[in-house]
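Undergrad: There's a structure below that I have some questions on.
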Amino acid sequence: MENNISHTSQKVSESYGVSGMTCASCAISLETHLKNIEGIENVSVNYPNQSVSLSFNPDIVSLEVLQNKSHEIGYDIITGDMNAQQKSLEDREEKRLKDLRKKLIFATVFTVPVFVISMFMMGVLPYENWIMMILSVPVLFWSGSEFFTIAWKRFLHFSSNMDTLVALSTGIAFLFSLFNTVYPQYFLSRGIPAHVYYESAVIIVTLILLGRYLEEKAKSKTSTAIKKLMGLQPKEVTIYRNGEEQRVPIEEVVTGELILIKPGERIPVDGKVKSGSSFVDESMITGEPLPVEKNRKDEVFAGTINQKGSLKILAKKVGEQTLLSQIIRLVRDAQSSKPPVQKLVDKIAAIFVPVVIGIAVLTAVIWYIFGPEPTITYAMLSLITVLIIACPCALGLATPTALMVGIGKGADQGILIKDAQALELAHKIDVLVLDKTGTITEGRPKVVDVAGDLKGELGDIFYSIESLSEHPIAEAIVRHLEQQGSQKLEPDSFEIITGKGVEAKVQGKKYLAGNWRLMKEEGVMIDASLDNAGTAWSTQARTIVYFAEENQVKAMLAIADQTRSSSAKAIRQLKEQGIEVHMLTGDNAQTAKVIAEEVGIDHFQAEVLPQEKGAYIEALQKKGKVVAMVGDGINDSHALAVG
């Protein structure tokens with residue numbers, strides 16, 4: 001529900017959140033209602049995403065007028081910036097969920113005795129019709145009050161939706177039953193039993209409320225990705241103004257300001273490092289587990305996490321200009337888009353209610369013309385019967401219940417399903433796109449191979465040195481050495497050599513731990529056997545850490561993010577089912593190639609940004625492919641929304 005404004009001459013195009021929609025036909029009703037307003041050029045209402053996209057001429061019609069017109073038929077257009085709209089929608093959804101739960105419980109308490117009396121105790125209790133009538137009143141006119149309220153608003157504007165059908169069927173059933181309760185002689189004198197339908201009215205209301213409650217719960221989960229993305233931006237930041245540090249709300253930060261990022265803080269804007277050195281976790285962008293070293297002039301992005309060092313950065317892009325905001329916008333656009341099948345459903349929903357009412361009226365007319373005497377009585381009974389039977393209790397209960405069961409079963413297996421359409425199309429999938437890190441691989445770097453001697457004192461020294469290092473790879477080494485029982489010593493000295501490794505002195509001896517560049521600059525020698533191992537590891541795209549004593553390499557470690565034990569088997573089974581498997585990753589090409597070959601993937605692309613993942617999937621879809629996306633990170637949000 002972004003507030004993304006663009007001007008072409010006098011036209012304004014905006015997207016806003018909408019509250020109050022309870023079914024697909026609500027979206028059509030609002031769309032139709034707004035389209036008829038002078039100055040509106042285009043309207044697209046999306047029910048699952050609870051949003052409306054508007055293109056209008058502000059010189060002819062104002063946003064306030066559009067809000068008032070929407071409110072007339074029971075909807076509220078939510079304005080404000082992206083964060084304000086999201087917060088407002090969440091608050092309204094939470095309140096509606098609580099109200100629905102309360103009304104559902106209340107309706108159930110009164111519906112059960114009505115059902116029991118009508119099904120099992122007819123003719124047993126005195127004044128049973130009166131008892132059922134009294135019990136039905138609170139169910140219809142408190143728990144089910146919104147059906148009648150919305151239906152009335154629709155009637156005033158010559159439109160209808162599912163609420164209209166619910167209100168008509170339950171209202172007529174109640175009035176017909178009330179008539180037979182107060183004056184049963186009318187039908188009895190004509191040889192027709194004076195039936196009452198209180199149980200039908202209250203059960204329909206209760207089932208629809210149950211369906212809406214389940215649907216509302218499911219719907220509240222669909223925006224989880226957006227909530228997580230928006231949660232990546234801090235509420236307050238530390239900036240330098242007038243030579244002083246100040247804490248200000250993120251909304252007040254402007255381009256060109258100097259921002260202090262302390263260890264553990266999220267970076268609030270896109271910018272460049274002015275001073276300082278640290279490692280930044282950019283997994284929300286790249287999906288890769290290893291933090292990236294950042295020094296002066298390096299670029300940083302909003303939503304990424306600073307590790308152990310402090311950084312001062314110059315803000316280059318703020319607010320909705322940041323890469324994070326662009327990702328959120330892409331996710332929302334993908335969720336808001338309507339595929340052809342959804343447009344077909346919308347069209348059906350738009351005419352469903354009028355068609356049902358028309359059939360009911362036609363049935364009454366036919367019975368009145370061709371039916372037996374008393375024709376007016378049979379015509380009225382036929383009208384009521386059609387409306388009650390056609391009332392969408394199945395749509396209100398069965399559909400969301402089936403969705404909840406399917407989505408719940410998927411969640412039990414670790415599969416998150418974005419919407420009903422995705423579930424429906426799953427059997428047609430012919431291309432599966434996989435993220436690498438955390439999906440095919442375990443998502444955590446670990447020591448996978450060791451060459452040389454790390455037993456005894458050498459292992460203790462290496463463990464002690466790496467324990468002092470802030471480099472993320474050091475954590476993997478420390479975990480490995482802890483498992484082999486290494487003990488910590490106290491080095492005489494310790495120095496971090498930026499971008500290369502560390503140097504330490506222990507018991508008067510010099511030790512180095514780092515990459516080959518450090519070894520080469522320090523003139524360290526390496527045995528042929530170790531050198532051969534390093535060459536082999538390089539071809540496997542592993543990160544190599546060298547450990548040297550004085551001028552001789554004593555040991556080497558290969559570090560990698562290992563593939564899951566089940567990945568190769570799962571991919572093989574997918575290919576046997578005729579599904580083409582692709583891999584997208586933000587990692588480098590060599591690593592991507594090695595992982596793809598290891599698990600049997602023929603199509604892969606490396607160094608891919610989040611928005612490029614979405615574009616890759618869209619390109620496959622344009623070729624007529626039915627594409628599914630599997631990912632586990634926030635960087636996959638756009639691709640998951642598109643797929």
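Every chain in the structure tokens has a letter given in the order shown (A, B, ...), and although residue numbers restart at 1 in each chain, ligands are simply numbered from 1 in the order shown.
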I want to know what sits within 9 Å of A:Asp298, based on only C-alpha atoms, with residues of the same chain fewer than 5 positions away left out; could you give that as JSON, numbers by chain?
TA: {"A": [271, 272, 273, 274, 293]}
Undergrad: Mind checking which residues fall within 9 Å of A:Glu482, counting only C-alpha atoms, ignoring those fewer than 5 positions away in the same chain, and posting them as an NGL selection string?
TA: :A and (463 or 477 or 487)
Undergrad: Write the residues you've just listed into a file as a PDB file, in the first residue's frame, and include C-alpha atoms for each of them.
TA:
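Output below, filename again-v5.pdb:
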ATOM      1  CA  TYR A 463      42.171 -21.418  18.645  1.00  0.00           C
ATOM      2  CA  ILE A 477      37.131 -21.948  12.907  1.00  0.00           C
ATOM      3  CA  GLN A 487      42.324 -24.889  24.953  1.00  0.00           C
TER       4      GLN A 487
END
Undergrad: Which residues come within 10 Å of stretch 254-268 of chain A, counting only C-alpha atoms, excluding same-chain residues fewer than 5 positions away, as a ChimeraX atom specification?
TA: /A:232-241,245-247,273-276,278-281,300-319,322,324
Undergrad: Mind writing the picked residues with N, CA and C atoms as a tab-separated table (two decimals), in the first residue's frame?
TA:
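Result file follows (part-v8.tsv):
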chain	number	residue	atom	x	y	z
A	232	LEU	N	13.14	-4.11	8.90
A	232	LEU	CA	14.59	-4.00	8.74
A	232	LEU	C	15.09	-2.58	8.88
A	233	GLN	N	14.18	-1.61	8.83
A	233	GLN	CA	14.59	-0.21	8.93
A	233	GLN	C	14.44	0.27	10.37
A	234	PRO	N	15.53	0.80	10.97
A	234	PRO	CA	15.43	1.26	12.37
A	234	PRO	C	14.52	2.48	12.49
A	235	LYS	N	13.93	2.64	13.67
A	235	LYS	CA	13.03	3.78	13.90
A	235	LYS	C	13.79	5.08	14.14
A	236	GLU	N	14.96	4.97	14.78
A	236	GLU	CA	15.79	6.15	15.09
A	236	GLU	C	17.23	5.90	14.66
A	237	VAL	N	17.94	7.00	14.36
A	237	VAL	CA	19.35	6.89	13.96
A	237	VAL	C	20.16	7.97	14.66
A	238	THR	N	21.49	7.72	14.71
A	238	THR	CA	22.42	8.70	15.29
A	238	THR	C	23.08	9.47	14.15
A	239	ILE	N	22.90	10.79	14.13
A	239	ILE	CA	23.50	11.61	13.08
A	239	ILE	C	24.34	12.73	13.71
A	240	TYR	N	25.19	13.33	12.87
A	240	TYR	CA	26.00	14.46	13.31
A	240	TYR	C	25.40	15.75	12.76
A	241	ARG	N	24.95	16.62	13.65
A	241	ARG	CA	24.43	17.93	13.27
A	241	ARG	C	25.05	18.99	14.16
A	245	GLU	N	26.43	14.73	18.20
A	245	GLU	CA	25.65	13.53	17.93
A	245	GLU	C	24.21	13.75	18.37
A	246	GLN	N	23.26	13.36	17.50
A	246	GLN	CA	21.84	13.50	17.84
A	246	GLN	C	21.09	12.24	17.42
A	247	ARG	N	20.12	11.84	18.24
A	247	ARG	CA	19.23	10.74	17.88
A	247	ARG	C	17.97	11.34	17.29
A	273	VAL	N	30.69	4.64	3.02
A	273	VAL	CA	31.44	4.73	4.27
A	273	VAL	C	32.39	5.92	4.21
A	274	LYS	N	32.24	6.81	5.17
A	274	LYS	CA	33.13	7.98	5.27
A	274	LYS	C	34.38	7.64	6.06
A	275	SER	N	34.19	6.90	7.16
A	275	SER	CA	35.33	6.45	7.97
A	275	SER	C	34.91	5.22	8.78
A	276	GLY	N	35.94	4.49	9.25
A	276	GLY	CA	35.67	3.29	10.04
A	276	GLY	C	35.82	2.03	9.21
A	278	SER	N	34.43	-2.24	9.30
A	278	SER	CA	33.60	-3.25	9.96
A	278	SER	C	33.19	-4.30	8.93
A	279	PHE	N	32.51	-5.31	9.43
A	279	PHE	CA	31.87	-6.29	8.56
A	279	PHE	C	30.37	-6.06	8.63
A	280	VAL	N	29.70	-6.14	7.47
A	280	VAL	CA	28.27	-5.88	7.39
A	280	VAL	C	27.55	-7.12	6.85
A	281	ASP	N	26.52	-7.54	7.58
A	281	ASP	CA	25.70	-8.67	7.15
A	281	ASP	C	24.74	-8.19	6.08
A	300	VAL	N	27.08	0.93	1.33
A	300	VAL	CA	26.27	0.17	2.29
A	300	VAL	C	24.80	0.42	1.96
A	301	PHE	N	23.94	-0.50	2.42
A	301	PHE	CA	22.53	-0.44	2.03
A	301	PHE	C	21.62	-0.53	3.25
A	302	ALA	N	20.49	0.15	3.15
A	302	ALA	CA	19.50	0.15	4.22
A	302	ALA	C	19.03	-1.27	4.52
A	303	GLY	N	18.87	-1.57	5.81
A	303	GLY	CA	18.37	-2.88	6.22
A	303	GLY	C	19.46	-3.88	6.54
A	304	THR	N	20.70	-3.63	6.08
A	304	THR	CA	21.80	-4.53	6.39
A	304	THR	C	22.29	-4.26	7.81
A	305	ILE	N	23.00	-5.23	8.40
A	305	ILE	CA	23.36	-5.15	9.82
A	305	ILE	C	24.87	-4.98	9.98
A	306	ASN	N	25.25	-3.93	10.69
A	306	ASN	CA	26.66	-3.72	11.02
A	306	ASN	C	27.07	-4.73	12.09
A	307	GLN	N	28.30	-5.25	11.96
A	307	GLN	CA	28.75	-6.27	12.91
A	307	GLN	C	29.47	-5.62	14.11
A	308	LYS	N	30.77	-5.82	14.22
A	308	LYS	CA	31.45	-5.45	15.46
A	308	LYS	C	32.13	-4.09	15.45
A	309	GLY	N	32.39	-3.52	14.27
A	309	GLY	CA	33.05	-2.23	14.22
A	309	GLY	C	32.06	-1.09	14.06
A	310	SER	N	32.54	0.16	14.22
A	310	SER	CA	31.70	1.35	14.02
A	310	SER	C	31.98	1.95	12.66
A	311	LEU	N	30.93	2.50	12.05
A	311	LEU	CA	31.06	3.13	10.74
A	311	LEU	C	30.41	4.51	10.76
A	312	LYS	N	31.02	5.43	10.03
A	312	LYS	CA	30.36	6.71	9.75
A	312	LYS	C	30.07	6.73	8.26
A	313	ILE	N	28.79	6.90	7.91
A	313	ILE	CA	28.42	6.83	6.50
A	313	ILE	C	27.72	8.11	6.07
A	314	LEU	N	27.91	8.45	4.79
A	314	LEU	CA	27.21	9.58	4.19
A	314	LEU	C	25.93	9.05	3.52
A	315	ALA	N	24.81	9.63	3.86
A	315	ALA	CA	23.54	9.19	3.30
A	315	ALA	C	23.44	9.62	1.84
A	316	LYS	N	23.25	8.67	0.95
A	316	LYS	CA	23.09	8.94	-0.48
A	316	LYS	C	21.63	8.81	-0.93
A	317	LYS	N	20.95	7.82	-0.36
A	317	LYS	CA	19.52	7.62	-0.67
A	317	LYS	C	18.77	7.37	0.63
A	318	VAL	N	17.66	8.06	0.81
A	318	VAL	CA	16.87	7.92	2.03
A	318	VAL	C	15.41	7.62	1.68
A	319	GLY	N	14.67	7.19	2.70
A	319	GLY	CA	13.23	6.97	2.51
A	319	GLY	C	12.93	5.95	1.43
A	322	THR	N	15.69	4.18	-1.16
A	322	THR	CA	16.65	3.14	-0.82
A	322	THR	C	16.34	1.83	-1.53
A	324	LEU	N	16.12	-1.03	-0.12
A	324	LEU	CA	15.15	-1.74	0.70
A	324	LEU	C	13.72	-1.34	0.34
Undergrad: Can you pull out the residues contacting A:Lys103? Cut-off 12 Å, using only C-alpha atoms, and skip same-chain residues under 5 positions away; I want them as a list of chain:residue names.
TA: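 The residues satisfying every condition are A:Arg96, A:Leu97, A:Lys98, A:Thr108, A:Val109, A:Phe110, A:Thr111, A:Pro138, A:Val139, A:Leu140, A:Phe141, A:Trp142, A:Ser143, A:Gly144, A:Ser145, A:Glu146, A:Val205, A:Thr206, A:Leu207, A:Ile208, A:Leu209, A:Leu210, A:Arg212, A:Tyr213.
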Undergrad: Write the residues of the selection above to a file with N, CA, C and O atoms, as a CSV table (one decimal), in the first residue's frame.
TA:
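Output (part.csv):
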chain,number,residue,atom,x,y,z
A,96,ARG,N,-10.4,-6.1,13.6
A,96,ARG,CA,-11.5,-6.9,12.9
A,96,ARG,C,-11.4,-8.3,13.3
A,96,ARG,O,-12.4,-9.0,13.5
A,97,LEU,N,-10.2,-8.9,13.5
A,97,LEU,CA,-10.0,-10.3,13.9
A,97,LEU,C,-10.6,-10.5,15.3
A,97,LEU,O,-11.3,-11.5,15.5
A,98,LYS,N,-10.4,-9.6,16.2
A,98,LYS,CA,-10.9,-9.7,17.5
A,98,LYS,C,-12.4,-9.6,17.5
A,98,LYS,O,-13.1,-10.3,18.2
A,108,THR,N,-22.2,-18.7,18.0
A,108,THR,CA,-22.2,-20.1,18.3
A,108,THR,C,-23.0,-20.5,19.5
A,108,THR,O,-23.7,-21.5,19.5
A,109,VAL,N,-22.8,-19.7,20.6
A,109,VAL,CA,-23.5,-20.0,21.8
A,109,VAL,C,-25.0,-20.0,21.6
A,109,VAL,O,-25.7,-20.9,22.2
A,110,PHE,N,-25.6,-19.1,20.8
A,110,PHE,CA,-27.0,-19.0,20.6
A,110,PHE,C,-27.5,-20.0,19.4
A,110,PHE,O,-28.6,-20.4,19.4
A,111,THR,N,-26.6,-20.3,18.5
A,111,THR,CA,-27.0,-21.1,17.3
A,111,THR,C,-27.1,-22.6,17.7
A,111,THR,O,-28.0,-23.2,17.3
A,138,PRO,N,-30.3,-12.1,18.6
A,138,PRO,CA,-29.0,-11.6,18.7
A,138,PRO,C,-28.0,-12.2,17.7
A,138,PRO,O,-27.0,-11.5,17.4
A,139,VAL,N,-28.2,-13.4,17.2
A,139,VAL,CA,-27.3,-13.9,16.2
A,139,VAL,C,-27.4,-13.1,14.9
A,139,VAL,O,-26.4,-12.7,14.3
A,140,LEU,N,-28.6,-12.8,14.4
A,140,LEU,CA,-28.8,-12.1,13.2
A,140,LEU,C,-28.4,-10.6,13.3
A,140,LEU,O,-27.7,-10.1,12.5
A,141,PHE,N,-28.9,-10.0,14.4
A,141,PHE,CA,-28.9,-8.6,14.4
A,141,PHE,C,-27.8,-8.0,15.3
A,141,PHE,O,-27.7,-6.8,15.4
A,142,TRP,N,-26.9,-8.9,15.9
A,142,TRP,CA,-25.7,-8.4,16.5
A,142,TRP,C,-24.5,-9.0,15.9
A,142,TRP,O,-23.7,-8.4,15.2
A,143,SER,N,-24.4,-10.4,16.0
A,143,SER,CA,-23.3,-11.0,15.3
A,143,SER,C,-23.3,-10.8,13.8
A,143,SER,O,-22.2,-10.6,13.2
A,144,GLY,N,-24.5,-10.8,13.2
A,144,GLY,CA,-24.6,-10.7,11.8
A,144,GLY,C,-25.0,-9.3,11.3
A,144,GLY,O,-25.4,-9.1,10.1
A,145,SER,N,-24.8,-8.3,12.2
A,145,SER,CA,-25.3,-7.0,11.8
A,145,SER,C,-24.6,-6.4,10.6
A,145,SER,O,-25.2,-5.6,9.8
A,146,GLU,N,-23.3,-6.7,10.4
A,146,GLU,CA,-22.5,-6.1,9.3
A,146,GLU,C,-23.1,-6.6,7.9
A,146,GLU,O,-23.0,-5.8,7.0
A,205,VAL,N,-25.5,-17.5,9.2
A,205,VAL,CA,-24.7,-16.4,9.7
A,205,VAL,C,-23.5,-16.9,10.5
A,205,VAL,O,-22.3,-16.4,10.3
A,206,THR,N,-23.6,-18.0,11.3
A,206,THR,CA,-22.5,-18.5,12.0
A,206,THR,C,-21.4,-19.1,11.1
A,206,THR,O,-20.2,-18.9,11.3
A,207,LEU,N,-21.8,-19.8,10.1
A,207,LEU,CA,-20.9,-20.4,9.2
A,207,LEU,C,-20.1,-19.4,8.4
A,207,LEU,O,-18.9,-19.5,8.2
A,208,ILE,N,-20.8,-18.3,7.9
A,208,ILE,CA,-20.2,-17.2,7.2
A,208,ILE,C,-19.2,-16.5,8.1
A,208,ILE,O,-18.0,-16.2,7.7
A,209,LEU,N,-19.6,-16.3,9.4
A,209,LEU,CA,-18.6,-15.7,10.3
A,209,LEU,C,-17.4,-16.6,10.6
A,209,LEU,O,-16.3,-16.0,10.6
A,210,LEU,N,-17.6,-17.9,10.7
A,210,LEU,CA,-16.5,-18.8,10.8
A,210,LEU,C,-15.6,-18.7,9.6
A,210,LEU,O,-14.3,-18.6,9.7
A,212,ARG,N,-15.2,-16.3,7.5
A,212,ARG,CA,-14.5,-15.0,7.5
A,212,ARG,C,-13.4,-14.9,8.5
A,212,ARG,O,-12.4,-14.3,8.3
A,213,TYR,N,-13.7,-15.5,9.7
A,213,TYR,CA,-12.7,-15.5,10.7
A,213,TYR,C,-11.4,-16.3,10.3
A,213,TYR,O,-10.3,-15.8,10.4
Undergrad: Neighbouring residues of A:Thr181 were defined as those with any atom within 12 Å, considering only C-alpha atoms; residues of the same chain fewer than 3 positions away were excluded. Please report them as JSON, numbers by chain.
TA: {"A": [127, 128, 129, 130, 131, 132, 133, 134, 174, 175, 176, 177, 178, 184, 185, 186, 187, 188, 193, 194, 195, 196, 197, 198]}
Undergrad: Set the distance at 7 Å and use only C-alpha atoms: which residues neighbour stretch 512-518 of chain A once local chain neighbours fewer than 5 positions away are removed? I'd like the list as a list in words.
TA: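 The residues that qualify are Lys500, Gly501, Val502, Glu503, Ala504, Ile544, Val545, Tyr546, Phe547, Ala548 and Glu549 of chain A.
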